$ cat input.txt   # compact mmCIF, C-alpha atoms
# COMPACT_ATOMS: atom_id res chain seq x y z
CA MET N 1 -48.01 89.13 -61.45
CA ALA N 2 -51.79 89.13 -61.37
CA LYS N 3 -53.68 88.63 -64.61
CA ILE N 4 -56.54 90.93 -63.61
CA LEU N 5 -56.14 94.33 -61.98
CA ASP N 6 -59.42 96.20 -61.61
CA GLN N 7 -59.27 99.02 -59.04
CA PRO N 8 -55.48 98.99 -58.50
CA ARG N 9 -54.18 98.99 -54.93
CA TYR N 10 -50.47 99.05 -55.71
CA LYS N 11 -48.16 100.27 -58.46
CA CYS N 12 -45.28 98.87 -60.48
CA ALA N 13 -41.85 98.17 -59.00
CA LEU N 14 -40.47 101.54 -60.10
CA ALA N 15 -42.93 103.22 -57.73
CA ALA N 16 -40.71 101.98 -54.92
CA MET N 17 -38.77 105.16 -55.70
CA GLN N 18 -40.77 106.24 -52.65
CA THR N 19 -38.61 103.93 -50.54
CA VAL N 20 -35.59 105.99 -51.60
CA GLN N 21 -37.44 109.27 -51.11
CA SER N 22 -38.27 108.25 -47.53
CA ILE N 23 -34.59 108.04 -46.58
CA PRO N 24 -33.47 111.57 -45.60
CA GLY N 25 -30.78 112.76 -47.99
CA ALA N 26 -31.35 109.98 -50.55
CA ILE N 27 -32.69 110.66 -54.01
CA PRO N 28 -33.77 108.35 -56.85
CA VAL N 29 -32.33 108.75 -60.35
CA LEU N 30 -34.79 107.25 -62.81
CA HIS N 31 -33.77 105.63 -66.07
CA SER N 32 -37.25 105.60 -67.56
CA GLY N 33 -39.69 107.49 -69.70
CA PRO N 34 -40.90 110.87 -68.39
CA GLY N 35 -44.44 109.61 -67.93
CA CYS N 36 -43.42 106.90 -65.47
CA ALA N 37 -42.18 109.29 -62.81
CA ALA N 38 -45.09 111.67 -63.28
CA LYS N 39 -47.64 108.87 -62.82
CA LEU N 40 -45.90 107.07 -59.98
CA ASN N 41 -45.25 110.00 -57.68
CA ASP N 42 -48.15 110.59 -55.28
CA ASN N 43 -46.82 113.81 -53.78
CA ASN N 44 -47.86 112.47 -50.38
CA GLY N 45 -44.77 113.43 -48.43
CA THR N 46 -41.16 112.22 -48.54
CA SER N 47 -38.29 112.31 -46.06
CA GLY N 48 -38.52 116.08 -46.03
CA LYS N 49 -35.17 117.13 -47.53
CA PHE N 50 -36.31 117.19 -51.15
CA SER N 51 -39.63 117.95 -52.77
CA PRO N 52 -41.29 114.73 -53.97
CA ASN N 53 -41.21 116.28 -57.45
CA ILE N 54 -37.43 116.71 -57.47
CA PHE N 55 -35.62 113.71 -58.89
CA PRO N 56 -33.39 113.29 -61.96
CA CYS N 57 -34.85 111.30 -64.85
CA THR N 58 -33.35 110.35 -68.20
CA SER N 59 -36.76 110.79 -69.88
CA ILE N 60 -36.15 108.04 -72.41
CA SER N 61 -37.60 108.79 -75.85
CA GLU N 62 -37.80 107.02 -79.21
CA LYS N 63 -34.18 107.94 -79.87
CA GLU N 64 -32.92 105.99 -76.84
CA VAL N 65 -35.17 103.06 -77.67
CA VAL N 66 -33.44 102.80 -81.07
CA PHE N 67 -29.85 103.72 -80.17
CA GLY N 68 -29.70 102.91 -76.46
CA GLY N 69 -29.90 105.19 -73.45
CA THR N 70 -26.72 104.46 -71.50
CA GLU N 71 -25.03 107.71 -72.55
CA LYS N 72 -28.05 109.69 -71.43
CA LEU N 73 -28.02 107.87 -68.11
CA ARG N 74 -24.31 108.60 -67.70
CA THR N 75 -24.93 112.30 -68.31
CA THR N 76 -27.93 112.38 -65.98
CA ILE N 77 -25.98 110.83 -63.09
CA HIS N 78 -23.04 113.16 -63.70
CA ASN N 79 -25.22 116.27 -63.65
CA ALA N 80 -27.22 115.04 -60.65
CA LEU N 81 -24.00 114.72 -58.66
CA ARG N 82 -23.10 118.27 -59.64
CA VAL N 83 -26.34 120.06 -58.79
CA ILE N 84 -28.14 118.03 -56.10
CA ASP N 85 -26.89 118.03 -52.52
CA ALA N 86 -27.87 114.45 -51.69
CA ASP N 87 -26.17 111.90 -49.44
CA LEU N 88 -27.07 108.88 -51.55
CA PHE N 89 -28.07 108.49 -55.20
CA VAL N 90 -30.06 105.39 -56.16
CA VAL N 91 -30.37 104.66 -59.89
CA LEU N 92 -33.60 102.84 -60.76
CA SER N 93 -34.56 101.28 -64.09
CA GLY N 94 -38.01 101.32 -65.65
CA CYS N 95 -39.58 98.95 -68.16
CA THR N 96 -38.29 100.68 -71.29
CA SER N 97 -34.63 100.73 -70.25
CA GLU N 98 -34.80 97.07 -69.22
CA ILE N 99 -36.48 96.00 -72.46
CA ILE N 100 -33.89 97.71 -74.66
CA GLY N 101 -31.10 96.16 -72.58
CA ASP N 102 -29.41 99.21 -71.05
CA ASP N 103 -26.93 98.07 -68.39
CA ILE N 104 -27.51 100.41 -65.46
CA GLN N 105 -25.03 98.45 -63.34
CA GLU N 106 -22.16 99.09 -65.72
CA VAL N 107 -22.93 102.81 -65.98
CA THR N 108 -23.48 103.28 -62.25
CA GLU N 109 -20.23 101.55 -61.34
CA GLU N 110 -18.37 104.18 -63.37
CA PHE N 111 -19.21 106.54 -60.48
CA GLU N 112 -17.69 104.29 -57.84
CA ASP N 113 -15.22 107.00 -56.85
CA ALA N 114 -17.72 109.87 -56.89
CA GLU N 115 -17.85 112.18 -53.90
CA LYS N 116 -21.27 110.80 -52.95
CA PRO N 117 -22.28 107.12 -53.13
CA VAL N 118 -24.21 105.96 -56.19
CA VAL N 119 -25.96 102.57 -56.20
CA TRP N 120 -28.36 100.88 -58.61
CA ALA N 121 -31.45 98.67 -58.49
CA LYS N 122 -33.38 97.09 -61.34
CA THR N 123 -37.07 97.91 -60.84
CA PRO N 124 -38.96 97.28 -64.09
CA GLY N 125 -42.70 97.21 -63.62
CA PHE N 126 -43.17 94.07 -65.68
CA LYS N 127 -41.27 92.08 -63.04
CA GLY N 128 -43.31 93.02 -59.99
CA ASN N 129 -45.15 95.64 -57.97
CA ASN N 130 -43.83 98.25 -55.55
CA TYR N 131 -43.95 95.81 -52.62
CA VAL N 132 -41.23 93.70 -54.24
CA GLY N 133 -39.55 96.83 -55.65
CA HIS N 134 -39.15 98.06 -52.07
CA ASP N 135 -37.32 94.87 -51.21
CA TRP N 136 -35.07 95.05 -54.29
CA ILE N 137 -34.06 98.62 -53.49
CA LEU N 138 -33.21 97.90 -49.86
CA LYS N 139 -31.18 94.84 -50.81
CA SER N 140 -29.28 96.86 -53.43
CA ILE N 141 -28.44 99.58 -50.90
CA PHE N 142 -27.29 97.03 -48.34
CA GLN N 143 -25.33 95.02 -50.89
CA GLN N 144 -23.57 97.92 -52.61
CA TYR N 145 -23.33 100.78 -50.12
CA LEU N 146 -22.41 98.51 -47.19
CA ARG N 147 -20.04 96.33 -49.23
CA GLY N 148 -16.90 95.43 -47.30
CA ARG N 149 -18.11 96.79 -43.96
CA GLN N 150 -16.74 94.96 -40.94
CA PRO N 151 -19.45 94.76 -38.29
CA LYS N 152 -18.71 96.16 -34.82
CA THR N 153 -21.65 94.70 -32.95
CA GLN N 154 -23.33 97.09 -30.52
CA LYS N 155 -25.18 95.32 -27.74
CA GLY N 156 -28.90 96.01 -27.82
CA LEU N 157 -28.87 97.76 -31.22
CA VAL N 158 -31.80 96.52 -33.31
CA ASN N 159 -32.53 97.23 -36.99
CA ILE N 160 -36.28 97.64 -37.47
CA PHE N 161 -38.18 97.41 -40.76
CA VAL N 162 -41.94 97.48 -41.11
CA SER N 163 -43.95 98.29 -44.26
CA PRO N 164 -42.99 99.89 -47.60
CA PRO N 165 -42.86 103.66 -46.96
CA GLN N 166 -45.72 105.70 -48.41
CA GLN N 167 -47.50 102.65 -49.84
CA ASP N 168 -48.73 102.26 -46.26
CA PRO N 169 -50.40 105.59 -45.33
CA TYR N 170 -49.45 105.05 -41.66
CA TRP N 171 -45.89 103.92 -42.38
CA LEU N 172 -44.06 106.64 -40.46
CA GLY N 173 -46.32 106.82 -37.43
CA ASN N 174 -46.32 103.03 -37.15
CA LEU N 175 -42.54 102.90 -37.43
CA ARG N 176 -42.09 105.49 -34.69
CA GLU N 177 -44.52 103.63 -32.41
CA ILE N 178 -42.65 100.35 -32.92
CA GLU N 179 -39.38 102.17 -32.17
CA SER N 180 -40.89 103.52 -28.95
CA LEU N 181 -42.08 100.08 -27.83
CA VAL N 182 -38.72 98.43 -28.55
CA GLU N 183 -36.89 101.24 -26.75
CA ALA N 184 -39.20 100.90 -23.73
CA ILE N 185 -37.93 97.36 -23.08
CA GLY N 186 -34.30 98.47 -23.05
CA LEU N 187 -33.21 98.04 -26.67
CA THR N 188 -31.86 100.67 -29.08
CA PRO N 189 -33.87 100.87 -32.30
CA ASN N 190 -32.16 101.68 -35.60
CA THR N 191 -34.37 102.75 -38.51
CA ILE N 192 -33.45 104.49 -41.75
CA PHE N 193 -36.71 106.19 -42.77
CA GLY N 194 -38.14 109.55 -41.78
CA PHE N 195 -37.01 112.59 -39.79
CA GLY N 196 -33.61 112.37 -38.15
CA ARG N 197 -32.65 109.09 -39.79
CA GLY N 198 -30.91 108.52 -43.11
CA ILE N 199 -27.46 107.49 -44.23
CA LYS N 200 -25.95 107.70 -40.75
CA ASN N 201 -28.41 105.02 -39.67
CA ILE N 202 -27.69 102.92 -42.77
CA ASP N 203 -24.05 103.02 -41.62
CA LYS N 204 -25.12 101.46 -38.30
CA ILE N 205 -26.98 98.53 -39.87
CA PRO N 206 -24.03 96.06 -39.90
CA ASP N 207 -23.33 96.85 -36.24
CA ALA N 208 -26.80 95.82 -35.04
CA GLN N 209 -27.12 92.84 -32.73
CA PHE N 210 -30.51 91.92 -34.20
CA THR N 211 -32.89 92.76 -37.05
CA ILE N 212 -36.66 92.80 -36.63
CA LEU N 213 -38.88 92.66 -39.70
CA ILE N 214 -42.58 93.18 -39.07
CA SER N 215 -44.22 92.05 -42.28
CA PRO N 216 -46.13 89.08 -43.72
CA TRP N 217 -43.77 88.96 -46.72
CA ALA N 218 -42.63 92.36 -48.04
CA GLY N 219 -39.01 93.06 -47.16
CA ILE N 220 -38.01 89.49 -46.36
CA GLU N 221 -35.35 89.20 -49.08
CA SER N 222 -33.42 92.28 -47.95
CA ALA N 223 -33.70 91.38 -44.25
CA GLU N 224 -32.43 87.86 -44.96
CA PHE N 225 -29.52 89.39 -46.88
CA LEU N 226 -28.46 91.25 -43.73
CA GLU N 227 -28.73 88.04 -41.75
CA LYS N 228 -26.48 86.19 -44.21
CA GLN N 229 -24.04 88.97 -45.06
CA PHE N 230 -23.43 90.38 -41.58
CA ASN N 231 -24.52 87.43 -39.45
CA ILE N 232 -27.30 89.48 -37.81
CA PRO N 233 -30.00 87.24 -36.27
CA LEU N 234 -33.37 88.01 -37.85
CA LEU N 235 -36.77 87.98 -36.16
CA LYS N 236 -39.51 87.76 -38.80
CA TYR N 237 -42.72 88.81 -37.07
CA PRO N 238 -45.59 88.50 -39.57
CA VAL N 239 -48.24 90.61 -37.82
CA LEU N 240 -48.30 94.38 -37.45
CA PRO N 241 -49.25 94.59 -33.75
CA ILE N 242 -52.46 96.57 -33.25
CA GLY N 243 -54.08 96.73 -29.81
CA ALA N 244 -53.28 94.99 -26.54
CA THR N 245 -53.37 91.31 -27.47
CA GLU N 246 -51.02 91.38 -30.44
CA THR N 247 -48.71 94.10 -29.07
CA THR N 248 -48.15 92.10 -25.90
CA LYS N 249 -47.37 89.01 -27.99
CA PHE N 250 -44.94 91.08 -30.05
CA LEU N 251 -43.07 92.46 -27.05
CA CYS N 252 -42.84 89.01 -25.46
CA LYS N 253 -41.44 87.59 -28.70
CA VAL N 254 -38.90 90.41 -29.03
CA GLN N 255 -37.80 89.92 -25.42
CA GLU N 256 -37.41 86.20 -25.92
CA PHE N 257 -35.51 86.61 -29.21
CA THR N 258 -33.14 89.38 -28.08
CA GLY N 259 -32.70 88.45 -24.45
CA ALA N 260 -33.90 91.88 -23.36
CA ASP N 261 -34.60 92.44 -19.65
CA LYS N 262 -37.58 90.18 -18.87
CA ASP N 263 -38.63 92.02 -15.72
CA LEU N 264 -38.56 95.36 -17.54
CA THR N 265 -40.55 93.92 -20.45
CA GLU N 266 -43.21 92.55 -18.11
CA LYS N 267 -43.38 95.90 -16.32
CA VAL N 268 -43.83 97.77 -19.61
CA ILE N 269 -46.53 95.33 -20.76
CA LYS N 270 -48.39 95.61 -17.47
CA GLU N 271 -48.38 99.42 -17.62
CA LYS N 272 -49.32 99.60 -21.30
CA GLU N 273 -52.13 97.07 -20.97
CA ALA N 274 -53.51 98.85 -17.89
CA GLU N 275 -53.65 102.13 -19.81
CA PHE N 276 -55.20 100.48 -22.88
CA TYR N 277 -57.98 98.83 -20.87
CA TYR N 278 -58.52 101.99 -18.85
CA TYR N 279 -59.69 103.71 -22.03
CA ILE N 280 -61.71 100.69 -23.11
CA GLU N 281 -63.50 100.63 -19.74
CA ARG N 282 -64.18 104.36 -19.86
CA PHE N 283 -66.05 103.96 -23.13
CA ALA N 284 -67.40 100.44 -22.58
CA ASP N 285 -71.03 101.54 -22.84
CA THR N 286 -70.36 103.05 -26.26
CA LEU N 287 -68.19 100.20 -27.49
CA LEU N 288 -70.74 97.55 -26.50
CA GLU N 289 -73.80 99.36 -27.84
CA THR N 290 -74.90 97.19 -30.77
CA ARG N 291 -77.14 99.98 -32.04
CA ILE N 292 -73.95 101.87 -32.89
CA LEU N 293 -71.84 99.08 -34.36
CA GLY N 294 -72.74 95.58 -35.48
CA LYS N 295 -70.71 92.49 -34.79
CA ARG N 296 -69.51 91.50 -38.26
CA PHE N 297 -66.90 93.01 -40.54
CA THR N 298 -64.80 92.49 -43.66
CA VAL N 299 -61.35 93.79 -44.54
CA VAL N 300 -60.13 94.49 -48.09
CA SER N 301 -56.46 95.41 -47.94
CA ASP N 302 -52.90 94.19 -48.32
CA SER N 303 -51.53 91.25 -46.35
CA GLN N 304 -50.33 93.47 -43.53
CA TYR N 305 -53.58 95.25 -42.75
CA THR N 306 -55.99 92.42 -43.52
CA MET N 307 -54.11 90.27 -41.03
CA ALA N 308 -53.53 92.95 -38.38
CA VAL N 309 -57.01 94.49 -38.40
CA THR N 310 -58.73 91.10 -38.39
CA LYS N 311 -56.75 89.98 -35.36
CA PHE N 312 -57.39 93.23 -33.51
CA LEU N 313 -61.14 93.33 -34.10
CA VAL N 314 -61.56 89.66 -33.13
CA ASN N 315 -59.06 89.26 -30.30
CA ASP N 316 -59.46 92.67 -28.64
CA MET N 317 -62.97 93.76 -29.59
CA GLY N 318 -64.89 90.50 -29.92
CA LEU N 319 -66.16 91.09 -33.46
CA PHE N 320 -66.65 88.35 -36.05
CA PRO N 321 -65.01 88.34 -39.49
CA GLU N 322 -66.95 87.62 -42.61
CA LYS N 323 -64.78 86.79 -45.61
CA VAL N 324 -61.62 88.94 -45.74
CA PHE N 325 -59.61 89.83 -48.84
CA ILE N 326 -55.90 90.33 -49.55
CA THR N 327 -55.10 92.56 -52.51
CA ASP N 328 -51.29 92.95 -52.70
CA ASP N 329 -50.64 89.98 -55.00
CA ALA N 330 -48.65 88.21 -52.27
CA PRO N 331 -46.30 85.53 -53.65
CA GLU N 332 -47.72 82.01 -53.66
CA THR N 333 -44.98 80.77 -51.32
CA TYR N 334 -46.31 82.94 -48.49
CA ARG N 335 -50.06 82.62 -49.00
CA GLN N 336 -50.69 79.55 -46.85
CA GLN N 337 -48.67 81.05 -43.99
CA ILE N 338 -50.70 84.24 -44.23
CA LYS N 339 -53.98 82.30 -44.25
CA ASN N 340 -52.90 80.30 -41.22
CA GLU N 341 -51.89 83.42 -39.32
CA ILE N 342 -55.15 85.22 -40.05
CA SER N 343 -57.08 82.21 -38.75
CA THR N 344 -55.07 82.04 -35.52
CA LEU N 345 -57.76 83.86 -33.57
CA ASN N 346 -59.22 83.63 -30.08
CA TYR N 347 -61.90 81.07 -29.25
CA GLY N 348 -61.23 79.10 -32.43
CA ILE N 349 -62.87 81.76 -34.62
CA GLN N 350 -62.01 81.32 -38.30
CA ALA N 351 -61.70 83.93 -41.04
CA GLU N 352 -62.21 82.83 -44.63
CA THR N 353 -59.47 84.48 -46.65
CA GLU N 354 -59.20 85.15 -50.38
CA PHE N 355 -56.28 86.55 -52.37
CA SER N 356 -57.54 88.70 -55.24
CA THR N 357 -56.60 91.77 -57.24
CA ASP N 358 -59.96 91.98 -59.02
CA GLY N 359 -61.82 94.77 -57.22
CA ASN N 360 -65.06 94.19 -59.10
CA ASP N 361 -65.16 90.53 -58.06
CA ILE N 362 -64.31 91.41 -54.44
CA GLN N 363 -67.15 93.90 -54.26
CA ASN N 364 -69.62 91.44 -55.78
CA GLN N 365 -68.63 88.91 -53.13
CA ILE N 366 -69.08 91.46 -50.34
CA ARG N 367 -72.59 92.24 -51.62
CA LYS N 368 -73.50 88.59 -51.01
CA LEU N 369 -72.16 88.41 -47.44
CA ASP N 370 -74.60 88.29 -44.53
CA PHE N 371 -73.46 90.81 -41.93
CA ALA N 372 -76.61 90.33 -39.81
CA GLY N 373 -76.89 94.10 -39.51
CA THR N 374 -74.96 97.13 -40.66
CA PRO N 375 -71.69 96.00 -42.29
CA LEU N 376 -68.31 97.29 -41.19
CA ILE N 377 -66.00 97.53 -44.22
CA ILE N 378 -62.33 98.35 -43.72
CA GLY N 379 -60.26 98.90 -46.84
CA SER N 380 -59.27 101.61 -49.30
CA ASN N 381 -61.05 104.33 -51.23
CA TRP N 382 -62.25 101.69 -53.68
CA GLU N 383 -64.62 100.39 -50.97
CA LYS N 384 -66.12 103.80 -50.19
CA LYS N 385 -68.78 103.74 -52.90
CA LEU N 386 -69.68 100.14 -52.08
CA SER N 387 -70.07 101.09 -48.42
CA GLN N 388 -72.46 103.88 -49.37
CA GLU N 389 -74.43 101.44 -51.49
CA LEU N 390 -74.72 98.95 -48.60
CA GLY N 391 -75.21 101.57 -45.90
CA ALA N 392 -72.06 100.25 -44.25
CA HIS N 393 -69.64 101.84 -41.82
CA PHE N 394 -66.46 102.51 -43.81
CA ILE N 395 -62.87 102.98 -42.62
CA ASN N 396 -59.98 103.67 -44.99
CA VAL N 397 -56.66 102.26 -43.77
CA SER N 398 -54.74 101.44 -46.96
CA TYR N 399 -53.75 102.71 -50.40
CA PRO N 400 -55.45 104.40 -52.15
CA ILE N 401 -56.46 106.75 -49.36
CA LEU N 402 -57.94 110.01 -50.63
CA GLU N 403 -60.44 111.49 -48.18
CA LYS N 404 -58.07 112.11 -45.26
CA LEU N 405 -54.54 113.33 -44.64
CA VAL N 406 -52.22 111.12 -42.61
CA ILE N 407 -49.24 113.08 -41.30
CA ASN N 408 -47.83 111.14 -38.34
CA SER N 409 -50.83 109.16 -37.10
CA HIS N 410 -50.41 105.49 -36.31
CA VAL N 411 -52.52 102.38 -35.79
CA ALA N 412 -49.73 100.16 -34.45
CA GLY N 413 -49.21 99.33 -30.81
CA TYR N 414 -51.48 99.77 -27.82
CA SER N 415 -52.27 103.41 -28.58
CA GLY N 416 -52.67 102.65 -32.29
CA GLY N 417 -55.49 100.23 -31.49
CA LEU N 418 -57.30 103.03 -29.67
CA HIS N 419 -56.76 105.35 -32.63
CA LEU N 420 -58.29 102.76 -34.96
CA LEU N 421 -61.28 102.38 -32.63
CA GLU N 422 -61.77 106.14 -32.71
CA GLN N 423 -62.01 105.99 -36.49
CA ILE N 424 -64.40 103.03 -36.48
CA PHE N 425 -66.79 104.44 -33.91
CA THR N 426 -66.63 107.93 -35.37
CA ALA N 427 -67.77 106.48 -38.69
CA ALA N 428 -70.52 104.50 -36.96
CA MET N 429 -71.73 107.32 -34.71
CA SER N 430 -71.88 109.73 -37.62
CA LYS N 431 -74.80 107.64 -38.92
CA LEU N 432 -76.85 108.01 -35.74
CA LYS N 433 -79.96 110.12 -36.12
CA LEU N 434 -80.81 112.66 -33.44
$ encode --input "input.txt" --output "structure tokens"
Amino acid sequence: MAKILDQPRYKCALAAMQTVQSIPGAIPVLHSGPGCAAKLNDNNGTSGKFSPNIFPCTSISEKEVVFGGTEKLRTTIHNALRVIDADLFVVLSGCTSEIIGDDIQEVTEEFEDAEKPVVWAKTPGFKGNNYVGHDWILKSIFQQYLRGRQPKTQKGLVNIFVSPPQQDPYWLGNLREIESLVEAIGLTPNTIFGFGRGIKNIDKIPDAQFTILISPWAGIESAEFLEKQFNIPLLKYPVLPIGATETTKFLCKVQEFTGADKDLTEKVIKEKEAEFYYYIERFADTLLETRILGKRFTVVSDSQYTMAVTKFLVNDMGLFPEKVFITDDAPETYRQQIKNEISTLNYGIQAETEFSTDGNDIQNQIRKLDFAGTPLIIGSNWEKKLSQELGAHFINVSYPILEKLVINSHVAGYSGGLHLLEQIFTAAMSKLKL
């Protein structure tokens, strides 16, 4: 974990309760203090079946710290099964229950024969943030709920995982866009998050012919578990595809990996690229007007968006990156790969990359950058005040995101690149004086 966390851009591992809440019919059961759940829940939309404020919690107090809280957990699970009409119960541990040594596995396994499945995942905040918590929860569901399943491979069925739900404001729209692209080249996507998905799709996971994980690092452990446990070939694609260049690369890679119809894939790419560039050409005068938007930018976000946005703005729009920052405390083992990927840009352009969780230091560094004009800053709400100070164009794409509501918008894919351009040029044009 990071030693410094000024201007937090993620939460503790227990906040990955939002991963559970994003599976329709699933509900988290928290073995933690009452304040944890209240602080970690953003109320920014769940799978839709339950209110984000409805989840059982043992509300550990001083009594449980002294005498242990396993009996309270046992009672909480029992009552949750009685009164909540959920398809899957996922018991999550917080810091307090882990420190006092409560064994949530032992208690949860007492409900092995319950009418509804109950699984457990250890998610204490002192062991990681909600990016890794997301991975732990998925692996626990796959390992426990799918235990003993005999795969019946369905040709063309593909499990798809992208970013941690709700931590990424565009998680659902991006996921649906990726589904649409994969389906367009003749494959059958299988996802577990959002409307119309849920436990019936979790049941299909072992039967998939392939798994695709689109992520620089989050979710790798659980995806690799599926590969090992059910012998499902795994495509780890590190870049969220935004715009024409990266989305075409993504579709070509998926076709090559899965053996999907090559002619169909090329046809889809040709049609999608033609439509993308049609819109670019329509607004070329605006997009190329340097009075509206300068040529240099910085990104302050997690690994996913810093990488994806940098590639899009350089490879598709011809902008130049100043120093870019990654704020999700990515594990050391993945950092060099992430740096290399960010610097794989057209025309040999390089992007200096820094991993940091210290918002104050990041902002001081941005103040010293030479943007040769009006800066373009893409990040979170923490960069909004800095942008006002510098007179910069500001776009919010990552947590925390407070000044706009994201319902089902997306920035992934060909159309997502256009949506991101709309945001960028709207911010820039709003500064023009009549």
$ residues_around --input "input.txt" --residues "Gln167 in chain N" --least-positions-apart "4" --cutoff "10 Å" --atoms "all atoms listed in the file" --output "JSON, numbers by chain"
{"N": [9, 10, 11, 15, 16, 18, 19, 42, 44, 130, 131, 134, 163, 171, 398, 399, 400, 401]}
$ axis_aligned_box --input "input.txt" --around "range 9-21 of chain N" --padding-each-side "5 Å" --output "AutoDock Vina command-line options"
--center_x -44.9 --center_y 103.7 --center_z -55.5 --size_x 28.6 --size_y 21.1 --size_z 19.9
$ closest_residue --input "input.txt" --among "N:Leu345, N:Pro189, N:Leu81, N:Ala13" --to "Lys127 in chain N" --atoms "all atoms listed in the file"
N:Ala13
$ closest_residue --input "input.txt" --among "N:Phe312, N:Phe126, N:Tyr145, N:Phe161" --to "Ile99 in chain N" --atoms "all atoms listed in the file"
N:Phe126
$ residues_around --input "input.txt" --residues "range 27-36 of chain N" --least-positions-apart "5" --cutoff "10 Å" --atoms "all atoms listed in the file" --output "number ranges by chain"
N: 12, 14-22, 41, 47, 49-50, 52, 54-62, 64, 69-70, 72-73, 76-77, 80, 84-98, 102, 104, 118-120, 122-125
$ closest_residue --input "input.txt" --among "N:Val411, N:Ala121, N:Phe425, N:Ile269" --to "Lys249 in chain N" --atoms "all atoms listed in the file"
N:Ile269
